[in-house]
$ cat model_1.cif   # mmCIF, C-alpha atoms
data_run
#
loop_
_atom_site.label_atom_id
_atom_site.label_comp_id
_atom_site.auth_asym_id
_atom_site.auth_seq_id
_atom_site.Cartn_x
_atom_site.Cartn_y
_atom_site.Cartn_z
CA MET A 24 166.12 61.52 157.04
CA SER A 25 167.72 64.94 157.20
CA TRP A 26 169.82 66.57 154.53
CA ASP A 27 173.56 65.94 154.40
CA ALA A 28 176.40 68.44 154.03
CA GLU A 29 176.66 67.89 150.26
CA GLN A 30 172.91 68.49 149.69
CA LYS A 31 173.08 71.61 151.85
CA MET A 32 176.09 72.97 149.94
CA GLN A 33 174.46 72.37 146.54
CA PHE A 34 171.17 73.86 147.76
CA LEU A 35 172.86 77.06 148.95
CA PHE A 36 174.95 77.27 145.78
CA ALA A 37 171.76 77.08 143.67
CA LEU A 38 170.20 79.86 145.77
CA ARG A 39 173.23 82.12 145.32
CA SER A 40 173.29 81.50 141.57
CA LYS A 41 169.66 82.73 141.36
CA GLY A 42 170.46 85.98 143.17
CA VAL A 43 169.88 85.10 146.82
CA THR A 44 173.02 86.67 148.29
CA ASP A 45 171.92 88.15 151.63
CA ALA A 46 173.87 86.40 154.40
CA ARG A 47 171.01 86.39 156.96
CA THR A 48 168.56 84.94 154.40
CA LEU A 49 171.01 82.19 153.41
CA GLY A 50 171.74 81.48 157.09
CA ALA A 51 168.03 81.04 157.87
CA MET A 52 167.50 78.83 154.81
CA GLU A 53 170.45 76.68 155.83
CA LYS A 54 168.75 76.05 159.21
CA VAL A 55 165.48 74.82 157.65
CA ASP A 56 165.58 71.42 155.94
CA ARG A 57 163.13 71.64 153.01
CA GLY A 58 162.96 67.84 153.00
CA LEU A 59 160.83 67.95 156.17
CA PHE A 60 158.16 69.96 154.31
CA VAL A 61 157.86 67.73 151.21
CA LYS A 62 156.00 64.44 151.63
CA GLY A 63 155.20 61.39 149.53
CA HIS A 64 156.13 60.95 145.85
CA PHE A 65 158.10 64.18 145.65
CA ALA A 66 160.31 63.71 148.71
CA ASP A 67 163.34 62.88 146.54
CA ARG A 68 162.99 66.23 144.73
CA ALA A 69 162.95 68.27 147.96
CA TYR A 70 166.32 69.93 147.30
CA ASP A 71 165.69 70.77 143.63
CA ASP A 72 164.96 74.37 142.77
CA MET A 73 161.37 73.76 141.74
CA PRO A 74 157.87 74.15 143.18
CA LEU A 75 156.27 70.87 144.30
CA PRO A 76 152.68 69.79 145.06
CA ILE A 77 151.55 69.47 148.69
CA SER A 78 148.17 68.49 150.13
CA SER A 79 144.92 70.47 149.66
CA GLY A 80 145.87 71.21 146.03
CA GLN A 81 148.58 73.69 147.07
CA THR A 82 152.30 73.93 146.32
CA ILE A 83 155.55 74.49 148.18
CA SER A 84 157.33 77.33 146.40
CA GLN A 85 160.61 77.07 144.54
CA PRO A 86 163.48 77.61 147.04
CA SER A 87 165.05 80.42 144.99
CA VAL A 88 161.71 82.30 144.97
CA VAL A 89 161.35 81.77 148.74
CA GLY A 90 164.89 83.14 149.07
CA LEU A 91 164.26 86.18 146.87
CA MET A 92 161.02 87.00 148.72
CA THR A 93 162.72 86.61 152.11
CA GLN A 94 165.67 88.73 150.98
CA ALA A 95 163.33 91.49 149.67
CA LEU A 96 161.37 91.42 152.94
CA ASN A 97 164.57 92.35 154.84
CA VAL A 98 163.24 91.06 158.18
CA GLN A 99 164.89 92.52 161.28
CA PRO A 100 165.29 90.67 164.62
CA ARG A 101 162.57 92.72 166.41
CA ASP A 102 160.03 92.50 163.58
CA LYS A 103 156.51 91.16 163.78
CA VAL A 104 155.69 89.43 160.48
CA LEU A 105 152.40 88.38 158.90
CA GLU A 106 152.40 85.60 156.29
CA VAL A 107 149.28 85.05 154.20
CA GLY A 108 149.23 81.48 152.85
CA THR A 109 151.04 79.09 155.21
CA GLY A 110 151.01 76.21 152.73
CA SER A 111 153.69 73.69 153.71
CA GLY A 112 155.01 75.96 156.48
CA TYR A 113 158.45 76.21 154.85
CA GLN A 114 158.42 80.00 154.42
CA ALA A 115 157.14 80.59 157.97
CA ALA A 116 159.89 78.34 159.38
CA ILE A 117 162.55 80.42 157.59
CA LEU A 118 160.98 83.68 158.79
CA SER A 119 160.94 82.36 162.37
CA HIS A 120 164.77 82.41 162.35
CA LEU A 121 164.80 86.07 161.31
CA ALA A 122 161.88 87.71 163.13
CA ARG A 123 160.73 88.15 166.71
CA ARG A 124 157.25 86.81 165.93
CA VAL A 125 155.57 85.28 162.87
CA TYR A 126 151.80 85.12 162.39
CA THR A 127 150.78 82.87 159.52
CA VAL A 128 147.27 82.28 158.15
CA ASP A 129 145.94 79.64 155.75
CA ARG A 130 142.41 78.88 154.60
CA HIS A 131 143.01 75.10 154.69
CA ARG A 132 142.57 73.59 158.16
CA ARG A 133 144.36 70.42 157.09
CA LEU A 134 147.50 72.40 156.22
CA THR A 135 147.48 74.46 159.43
CA ARG A 136 147.10 71.26 161.49
CA GLU A 137 150.04 69.60 159.73
CA CYS A 138 152.20 72.73 160.15
CA GLU A 139 151.28 73.12 163.81
CA LYS A 140 152.71 69.68 164.53
CA LEU A 141 155.80 70.27 162.38
CA PHE A 142 156.61 73.64 164.02
CA ASP A 143 156.23 71.97 167.39
CA ASP A 144 158.59 69.13 166.41
CA LEU A 145 161.13 71.73 165.20
CA ASP A 146 160.82 73.82 168.42
CA LEU A 147 159.73 76.89 166.43
CA HIS A 148 157.75 78.56 169.21
CA ASN A 149 157.65 82.10 167.82
CA ILE A 150 155.12 81.14 165.09
CA THR A 151 151.38 81.59 165.62
CA ILE A 152 149.37 79.67 163.02
CA LEU A 153 145.71 80.39 162.29
CA THR A 154 143.07 78.97 159.94
CA GLY A 155 141.12 81.67 158.15
CA ASP A 156 140.87 84.15 155.28
CA GLY A 157 144.27 85.78 155.13
CA SER A 158 143.23 88.35 152.52
CA PHE A 159 141.81 90.40 155.41
CA GLY A 160 145.03 90.10 157.39
CA LEU A 161 144.90 90.05 161.21
CA PRO A 162 143.55 93.44 162.32
CA GLU A 163 143.77 92.48 166.01
CA GLN A 164 147.57 92.02 165.71
CA ALA A 165 148.25 94.95 163.34
CA PRO A 166 150.29 96.88 162.52
CA PHE A 167 152.98 94.57 161.15
CA ASP A 168 156.59 95.41 160.34
CA ARG A 169 156.61 92.96 157.44
CA ILE A 170 153.88 91.21 155.42
CA ILE A 171 154.46 88.40 152.91
CA VAL A 172 151.75 86.95 150.67
CA THR A 173 152.39 83.58 148.99
CA ALA A 174 149.41 83.63 146.62
CA ALA A 175 148.74 86.00 143.73
CA ALA A 176 146.15 88.77 143.81
CA GLU A 177 145.37 91.12 140.91
CA ASP A 178 146.23 94.05 143.21
CA PRO A 179 147.79 94.23 146.68
CA PRO A 180 144.81 93.68 149.05
CA GLY A 181 143.72 96.93 150.73
CA PRO A 182 143.25 95.42 154.22
CA LEU A 183 146.85 94.15 154.15
CA LEU A 184 148.26 97.50 153.03
CA ALA A 185 146.32 99.13 155.88
CA GLN A 186 148.00 96.79 158.40
CA LEU A 187 151.54 97.69 157.31
CA ARG A 188 153.44 99.91 159.74
CA GLU A 189 155.18 103.06 158.47
CA GLY A 190 158.62 101.92 157.34
CA GLY A 191 157.15 98.44 156.83
CA ILE A 192 157.62 96.23 153.78
CA MET A 193 155.19 93.89 152.02
CA VAL A 194 156.30 91.38 149.37
CA LEU A 195 153.73 89.63 147.19
CA PRO A 196 153.03 88.27 143.69
CA VAL A 197 150.61 90.42 141.69
CA GLY A 198 148.82 89.50 138.45
CA GLN A 199 146.23 87.23 136.86
CA SER A 200 146.38 83.75 138.34
CA ASP A 201 146.78 81.93 135.00
CA ALA A 202 149.43 84.29 133.62
CA VAL A 203 152.95 85.14 134.68
CA GLN A 204 152.79 87.40 137.70
CA SER A 205 155.27 89.94 139.07
CA LEU A 206 156.84 89.82 142.47
CA ILE A 207 156.27 93.26 144.02
CA LYS A 208 157.87 94.96 147.02
CA VAL A 209 155.71 97.63 148.67
CA THR A 210 157.26 99.99 151.23
CA ARG A 211 155.11 102.26 153.37
CA THR A 212 156.79 105.65 153.80
CA ALA A 213 155.62 108.85 155.51
CA GLN A 214 154.64 110.04 152.00
CA GLY A 215 152.66 106.92 151.06
CA LEU A 216 153.35 103.62 149.31
CA GLU A 217 156.37 102.90 147.11
CA TYR A 218 156.22 99.98 144.66
CA GLN A 219 159.16 98.06 143.23
CA GLU A 220 158.89 95.24 140.70
CA LEU A 221 161.35 92.42 141.44
CA CYS A 222 160.94 89.50 139.01
CA PRO A 223 158.39 87.34 137.16
CA VAL A 224 156.88 84.48 139.22
CA ARG A 225 153.97 82.05 139.15
CA PHE A 226 151.85 81.42 142.25
CA VAL A 227 148.48 79.88 143.09
CA PRO A 228 145.69 82.52 143.25
CA LEU A 229 144.75 84.28 146.49
CA ILE A 230 141.23 83.04 147.26
CA GLU A 231 138.90 84.71 149.72
CA GLY A 232 137.07 82.73 152.37
CA ARG A 233 138.02 79.69 154.41
CA ALA A 234 138.32 76.39 152.54
CA PRO A 235 135.56 73.82 153.23
CA ASP A 236 138.00 71.14 154.46
#
$ encode --input "model_1.cif" --output "structure tokens"
Amino acid sequence: MSWDAEQKMQFLFALRSKGVTDARTLGAMEKVDRGLFVKGHFADRAYDDMPLPISSGQTISQPSVVGLMTQALNVQPRDKVLEVGTGSGYQAAILSHLARRVYTVDRHRRLTRECEKLFDDLDLHNITILTGDGSFGLPEQAPFDRIIVTAAAEDPPGPLLAQLREGGIMVLPVGQSDAVQSLIKVTRTAQGLEYQELCPVRFVPLIEGRAPD
């Protein structure tokens, strides 16, 4: 079952009311049906602006937070993007409509397998999905124009900052995992790194190492 025009309209209205106003971000989010990324008991809540549980003890983020992160990332059509924390695949699918190439890494093999199939079904062929420890980034593909992290670290991970191209942007939640975190935008300039605090958020913690599953 795919979403109908009314659901889509309400979904986009909710995004705008939370501050997601960038036309390209809204256009990409309109192309990706969140209902395809939410399974089981919570399928009927897929279009609500709330985070929901997915397999492997992870969550699919609240749509408005996905929108605000995507908007802050300001992805351009030629950009190469790294996502750390594939999760449901929803964020990567949105990025695939904005970027030239998306690399996404998750430590849970079960999640990357599920997403691989879903991306294939959706004909999203500019996404490369890998199972591994995303906190070290992907040195062999660096540098990246944009980096997005969908799990909270106490500080922006050094290896990821090192893989950000000059002029590049990284968006990530920073803070203790059991407290309210801040969404941070980091821009690499010729002079160094510029930090901007965007809004309070709550994400699962960034964990090093590959999951045992």
$ closest_residue --input "model_1.cif" --among "A:Ala202, A:Val128, A:Ile77, A:Leu96" --to "Phe60 in chain A" --atoms "all atoms listed in the file"
A:Ile77
$ resolve_selection --input "model_1.cif" --expression "the PyMOL selection byres ((chain A and resi 226) around 6)" --output "ChimeraX atom specification"
/A:174-175,225,227
$ resolve_selection --input "model_1.cif" --expression "the PyMOL selection byres ((chain A and resi 131) around 10)" --output "ChimeraX atom specification"
/A:78-81,108-110,128-130,132-136,153-156,232-236
$ resolve_selection --input "model_1.cif" --expression "the PyMOL selection byres ((chain A and resi 101-107) around 6)" --output "MDAnalysis selection string"
chainID A and resid 99:100 108 122:128 157 167:172
$ atom_distance --input "model_1.cif" --atom1 "CA of Thr151 in chain A" --atom2 "CA of Ile192 in chain A"
19.8 Å
$ residues_near_point --input "model_1.cif" --point "(156.4, 73.3, 157.6)" --cutoff "7 Å" --atoms "all atoms listed in the file" --output "CSV table (one decimal) with C-alpha atoms, in the coordinates of the input"
chain,number,residue,atom,x,y,z
A,60,PHE,CA,158.2,70.0,154.3
A,111,SER,CA,153.7,73.7,153.7
A,112,GLY,CA,155.0,76.0,156.5
A,113,TYR,CA,158.4,76.2,154.8
A,116,ALA,CA,159.9,78.3,159.4
A,138,CYS,CA,152.2,72.7,160.2
A,141,LEU,CA,155.8,70.3,162.4
A,142,PHE,CA,156.6,73.6,164.0
$ residues_around --input "model_1.cif" --residues "Ala37 in chain A" --least-positions-apart "6" --cutoff "10 Å" --atoms "all atoms listed in the file" --output "mmCIF file with C-alpha atoms, in the coordinates of the input"
data_model
loop_
_atom_site.group_PDB
_atom_site.id
_atom_site.type_symbol
_atom_site.label_atom_id
_atom_site.label_comp_id
_atom_site.auth_asym_id
_atom_site.auth_seq_id
_atom_site.Cartn_x
_atom_site.Cartn_y
_atom_site.Cartn_z
ATOM 1 C CA LYS A 31 173.080 71.610 151.850
ATOM 2 C CA VAL A 43 169.880 85.100 146.820
ATOM 3 C CA TYR A 70 166.320 69.930 147.300
ATOM 4 C CA ASP A 71 165.690 70.770 143.630
ATOM 5 C CA ASP A 72 164.960 74.370 142.770
ATOM 6 C CA PRO A 86 163.480 77.610 147.040
ATOM 7 C CA SER A 87 165.050 80.420 144.990
#
$ atom_distance --input "model_1.cif" --atom1 "CA of Val224 in chain A" --atom2 "CA of Asn149 in chain A"
28.7 Å
$ atom_distance --input "model_1.cif" --atom1 "CA of Thr48 in chain A" --atom2 "CA of Thr93 in chain A"
6.5 Å
$ residues_around --input "model_1.cif" --residues "Pro74 in chain A" --least-positions-apart "6" --cutoff "6 Å" --atoms "all atoms listed in the file" --output "VMD selection string"
chain A and resid 83 to 85
$ residues_around --input "model_1.cif" --residues "Ala213 in chain A" --least-positions-apart "3" --cutoff "9 Å" --atoms "all atoms listed in the file" --output "PyMOL selection string"
chain A and resi 189-190+216
$ write_last_selection --input "model_1.cif" --atoms "C-alpha atoms" --output "compact mmCIF listing (two decimals), in the frame of the given file"
# COMPACT_ATOMS: atom_id res chain seq x y z
CA GLU A 189 155.18 103.06 158.47
CA GLY A 190 158.62 101.92 157.34
CA LEU A 216 153.35 103.62 149.31
$ closest_residue --input "model_1.cif" --among "A:Gln30, A:Gln214, A:Gln114, A:Gln94" --to "Val55 in chain A" --atoms "all atoms listed in the file"
A:Gln114
$ decode --input "model_1.cif" --residues "range 141-188 of chain A" --atoms "N, CA and C atoms" --output "PDB file, in the first residue's frame"
ATOM      1  N   LEU A 141      15.320  -3.238  -0.443  1.00  0.00           N
ATOM      2  CA  LEU A 141      14.372  -2.131  -0.595  1.00  0.00           C
ATOM      3  C   LEU A 141      14.879  -1.115  -1.629  1.00  0.00           C
ATOM      4  N   PHE A 142      16.165  -0.750  -1.557  1.00  0.00           N
ATOM      5  CA  PHE A 142      16.721   0.204  -2.521  1.00  0.00           C
ATOM      6  C   PHE A 142      16.623  -0.352  -3.947  1.00  0.00           C
ATOM      7  N   ASP A 143      16.832  -1.650  -4.050  1.00  0.00           N
ATOM      8  CA  ASP A 143      16.738  -2.310  -5.344  1.00  0.00           C
ATOM      9  C   ASP A 143      15.310  -2.230  -5.885  1.00  0.00           C
ATOM     10  N   ASP A 144      14.340  -2.548  -5.008  1.00  0.00           N
ATOM     11  CA  ASP A 144      12.923  -2.486  -5.394  1.00  0.00           C
ATOM     12  C   ASP A 144      12.523  -1.074  -5.828  1.00  0.00           C
ATOM     13  N   LEU A 145      13.149  -0.058  -5.210  1.00  0.00           N
ATOM     14  CA  LEU A 145      12.799   1.335  -5.490  1.00  0.00           C
ATOM     15  C   LEU A 145      13.657   1.932  -6.618  1.00  0.00           C
ATOM     16  N   ASP A 146      14.517   1.088  -7.231  1.00  0.00           N
ATOM     17  CA  ASP A 146      15.408   1.553  -8.309  1.00  0.00           C
ATOM     18  C   ASP A 146      16.322   2.696  -7.883  1.00  0.00           C
ATOM     19  N   LEU A 147      16.783   2.646  -6.633  1.00  0.00           N
ATOM     20  CA  LEU A 147      17.719   3.668  -6.145  1.00  0.00           C
ATOM     21  C   LEU A 147      19.137   3.112  -6.318  1.00  0.00           C
ATOM     22  N   HIS A 148      19.701   3.335  -7.499  1.00  0.00           N
ATOM     23  CA  HIS A 148      20.972   2.678  -7.836  1.00  0.00           C
ATOM     24  C   HIS A 148      22.201   3.536  -7.560  1.00  0.00           C
ATOM     25  N   ASN A 149      21.987   4.727  -6.984  1.00  0.00           N
ATOM     26  CA  ASN A 149      23.158   5.554  -6.651  1.00  0.00           C
ATOM     27  C   ASN A 149      23.501   5.472  -5.152  1.00  0.00           C
ATOM     28  N   ILE A 150      22.995   4.411  -4.487  1.00  0.00           N
ATOM     29  CA  ILE A 150      23.319   4.181  -3.067  1.00  0.00           C
ATOM     30  C   ILE A 150      24.211   2.949  -2.959  1.00  0.00           C
ATOM     31  N   THR A 151      25.329   3.098  -2.259  1.00  0.00           N
ATOM     32  CA  THR A 151      26.190   1.957  -1.933  1.00  0.00           C
ATOM     33  C   THR A 151      26.048   1.705  -0.440  1.00  0.00           C
ATOM     34  N   ILE A 152      25.628   0.500  -0.069  1.00  0.00           N
ATOM     35  CA  ILE A 152      25.374   0.195   1.340  1.00  0.00           C
ATOM     36  C   ILE A 152      26.394  -0.812   1.850  1.00  0.00           C
ATOM     37  N   LEU A 153      26.964  -0.533   3.018  1.00  0.00           N
ATOM     38  CA  LEU A 153      28.026  -1.377   3.569  1.00  0.00           C
ATOM     39  C   LEU A 153      27.738  -1.706   5.030  1.00  0.00           C
ATOM     40  N   THR A 154      28.147  -2.899   5.453  1.00  0.00           N
ATOM     41  CA  THR A 154      28.038  -3.270   6.867  1.00  0.00           C
ATOM     42  C   THR A 154      29.402  -3.033   7.504  1.00  0.00           C
ATOM     43  N   GLY A 155      29.423  -2.272   8.591  1.00  0.00           N
ATOM     44  CA  GLY A 155      30.701  -2.020   9.246  1.00  0.00           C
ATOM     45  C   GLY A 155      30.588  -0.945  10.301  1.00  0.00           C
ATOM     46  N   ASP A 156      31.743  -0.522  10.822  1.00  0.00           N
ATOM     47  CA  ASP A 156      31.804   0.496  11.869  1.00  0.00           C
ATOM     48  C   ASP A 156      31.909   1.868  11.217  1.00  0.00           C
ATOM     49  N   GLY A 157      30.775   2.554  11.163  1.00  0.00           N
ATOM     50  CA  GLY A 157      30.736   3.846  10.479  1.00  0.00           C
ATOM     51  C   GLY A 157      31.470   4.965  11.190  1.00  0.00           C
ATOM     52  N   SER A 158      31.812   4.760  12.472  1.00  0.00           N
ATOM     53  CA  SER A 158      32.490   5.851  13.201  1.00  0.00           C
ATOM     54  C   SER A 158      33.870   6.147  12.623  1.00  0.00           C
ATOM     55  N   PHE A 159      34.399   5.201  11.827  1.00  0.00           N
ATOM     56  CA  PHE A 159      35.684   5.437  11.154  1.00  0.00           C
ATOM     57  C   PHE A 159      35.500   5.955   9.731  1.00  0.00           C
ATOM     58  N   GLY A 160      34.243   6.130   9.325  1.00  0.00           N
ATOM     59  CA  GLY A 160      33.975   6.618   7.982  1.00  0.00           C
ATOM     60  C   GLY A 160      34.360   5.599   6.921  1.00  0.00           C
ATOM     61  N   LEU A 161      34.667   6.100   5.723  1.00  0.00           N
ATOM     62  CA  LEU A 161      35.104   5.248   4.606  1.00  0.00           C
ATOM     63  C   LEU A 161      36.323   5.916   3.978  1.00  0.00           C
ATOM     64  N   PRO A 162      37.516   5.715   4.577  1.00  0.00           N
ATOM     65  CA  PRO A 162      38.708   6.409   4.091  1.00  0.00           C
ATOM     66  C   PRO A 162      38.970   6.184   2.604  1.00  0.00           C
ATOM     67  N   GLU A 163      38.625   4.974   2.117  1.00  0.00           N
ATOM     68  CA  GLU A 163      38.935   4.670   0.701  1.00  0.00           C
ATOM     69  C   GLU A 163      38.072   5.471  -0.278  1.00  0.00           C
ATOM     70  N   GLN A 164      36.953   6.035   0.206  1.00  0.00           N
ATOM     71  CA  GLN A 164      36.081   6.846  -0.664  1.00  0.00           C
ATOM     72  C   GLN A 164      36.213   8.346  -0.373  1.00  0.00           C
ATOM     73  N   ALA A 165      36.940   8.695   0.681  1.00  0.00           N
ATOM     74  CA  ALA A 165      37.059  10.102   1.087  1.00  0.00           C
ATOM     75  C   ALA A 165      37.887  10.884   0.050  1.00  0.00           C
ATOM     76  N   PRO A 166      37.735  12.213   0.002  1.00  0.00           N
ATOM     77  CA  PRO A 166      36.889  13.022   0.884  1.00  0.00           C
ATOM     78  C   PRO A 166      35.439  13.080   0.391  1.00  0.00           C
ATOM     79  N   PHE A 167      34.549  13.425   1.321  1.00  0.00           N
ATOM     80  CA  PHE A 167      33.125  13.546   1.020  1.00  0.00           C
ATOM     81  C   PHE A 167      32.717  15.017   1.015  1.00  0.00           C
ATOM     82  N   ASP A 168      31.723  15.328   0.172  1.00  0.00           N
ATOM     83  CA  ASP A 168      31.173  16.688   0.151  1.00  0.00           C
ATOM     84  C   ASP A 168      30.240  16.906   1.337  1.00  0.00           C
ATOM     85  N   ARG A 169      29.543  15.843   1.713  1.00  0.00           N
ATOM     86  CA  ARG A 169      28.591  15.924   2.827  1.00  0.00           C
ATOM     87  C   ARG A 169      28.682  14.650   3.657  1.00  0.00           C
ATOM     88  N   ILE A 170      28.562  14.794   4.978  1.00  0.00           N
ATOM     89  CA  ILE A 170      28.520  13.634   5.881  1.00  0.00           C
ATOM     90  C   ILE A 170      27.356  13.840   6.849  1.00  0.00           C
ATOM     91  N   ILE A 171      26.551  12.798   7.019  1.00  0.00           N
ATOM     92  CA  ILE A 171      25.432  12.851   7.974  1.00  0.00           C
ATOM     93  C   ILE A 171      25.553  11.656   8.908  1.00  0.00           C
ATOM     94  N   VAL A 172      25.385  11.917  10.202  1.00  0.00           N
ATOM     95  CA  VAL A 172      25.493  10.862  11.214  1.00  0.00           C
ATOM     96  C   VAL A 172      24.150  10.782  11.928  1.00  0.00           C
ATOM     97  N   THR A 173      23.553   9.583  11.966  1.00  0.00           N
ATOM     98  CA  THR A 173      22.207   9.451  12.544  1.00  0.00           C
ATOM     99  C   THR A 173      22.239   8.717  13.886  1.00  0.00           C
ATOM    100  N   ALA A 174      23.357   8.889  14.607  1.00  0.00           N
ATOM    101  CA  ALA A 174      23.475   8.377  15.972  1.00  0.00           C
ATOM    102  C   ALA A 174      24.347   9.378  16.728  1.00  0.00           C
ATOM    103  N   ALA A 175      24.122   9.490  18.037  1.00  0.00           N
ATOM    104  CA  ALA A 175      24.765  10.565  18.800  1.00  0.00           C
ATOM    105  C   ALA A 175      26.120  10.157  19.367  1.00  0.00           C
ATOM    106  N   ALA A 176      27.109  11.008  19.141  1.00  0.00           N
ATOM    107  CA  ALA A 176      28.423  10.852  19.765  1.00  0.00           C
ATOM    108  C   ALA A 176      28.607  12.008  20.746  1.00  0.00           C
ATOM    109  N   GLU A 177      29.534  11.849  21.712  1.00  0.00           N
ATOM    110  CA  GLU A 177      29.769  12.959  22.647  1.00  0.00           C
ATOM    111  C   GLU A 177      30.475  14.115  21.953  1.00  0.00           C
ATOM    112  N   ASP A 178      31.271  13.789  20.937  1.00  0.00           N
ATOM    113  CA  ASP A 178      31.954  14.801  20.110  1.00  0.00           C
ATOM    114  C   ASP A 178      31.916  14.318  18.670  1.00  0.00           C
ATOM    115  N   PRO A 179      31.997  15.233  17.700  1.00  0.00           N
ATOM    116  CA  PRO A 179      32.079  14.776  16.304  1.00  0.00           C
ATOM    117  C   PRO A 179      33.303  13.871  16.121  1.00  0.00           C
ATOM    118  N   PRO A 180      33.136  12.644  15.609  1.00  0.00           N
ATOM    119  CA  PRO A 180      34.275  11.722  15.483  1.00  0.00           C
ATOM    120  C   PRO A 180      35.375  12.278  14.580  1.00  0.00           C
ATOM    121  N   GLY A 181      36.610  12.254  15.078  1.00  0.00           N
ATOM    122  CA  GLY A 181      37.768  12.772  14.350  1.00  0.00           C
ATOM    123  C   GLY A 181      37.942  12.201  12.958  1.00  0.00           C
ATOM    124  N   PRO A 182      37.812  10.838  12.794  1.00  0.00           N
ATOM    125  CA  PRO A 182      37.989  10.264  11.452  1.00  0.00           C
ATOM    126  C   PRO A 182      36.990  10.824  10.441  1.00  0.00           C
ATOM    127  N   LEU A 183      35.770  11.134  10.905  1.00  0.00           N
ATOM    128  CA  LEU A 183      34.756  11.673   9.990  1.00  0.00           C
ATOM    129  C   LEU A 183      35.099  13.113   9.603  1.00  0.00           C
ATOM    130  N   LEU A 184      35.518  13.906  10.585  1.00  0.00           N
ATOM    131  CA  LEU A 184      35.914  15.290  10.289  1.00  0.00           C
ATOM    132  C   LEU A 184      37.056  15.307   9.268  1.00  0.00           C
ATOM    133  N   ALA A 185      37.975  14.342   9.416  1.00  0.00           N
ATOM    134  CA  ALA A 185      39.141  14.270   8.520  1.00  0.00           C
ATOM    135  C   ALA A 185      38.738  13.919   7.087  1.00  0.00           C
ATOM    136  N   GLN A 186      37.564  13.289   6.921  1.00  0.00           N
ATOM    137  CA  GLN A 186      37.114  12.858   5.588  1.00  0.00           C
ATOM    138  C   GLN A 186      36.184  13.866   4.913  1.00  0.00           C
ATOM    139  N   LEU A 187      36.043  15.048   5.544  1.00  0.00           N
ATOM    140  CA  LEU A 187      35.169  16.085   4.999  1.00  0.00           C
ATOM    141  C   LEU A 187      35.982  17.026   4.114  1.00  0.00           C
ATOM    142  N   ARG A 188      35.543  17.176   2.900  1.00  0.00           N
ATOM    143  CA  ARG A 188      36.226  18.045   1.927  1.00  0.00           C
ATOM    144  C   ARG A 188      36.141  19.515   2.366  1.00  0.00           C
TER     145      ARG A 188
END
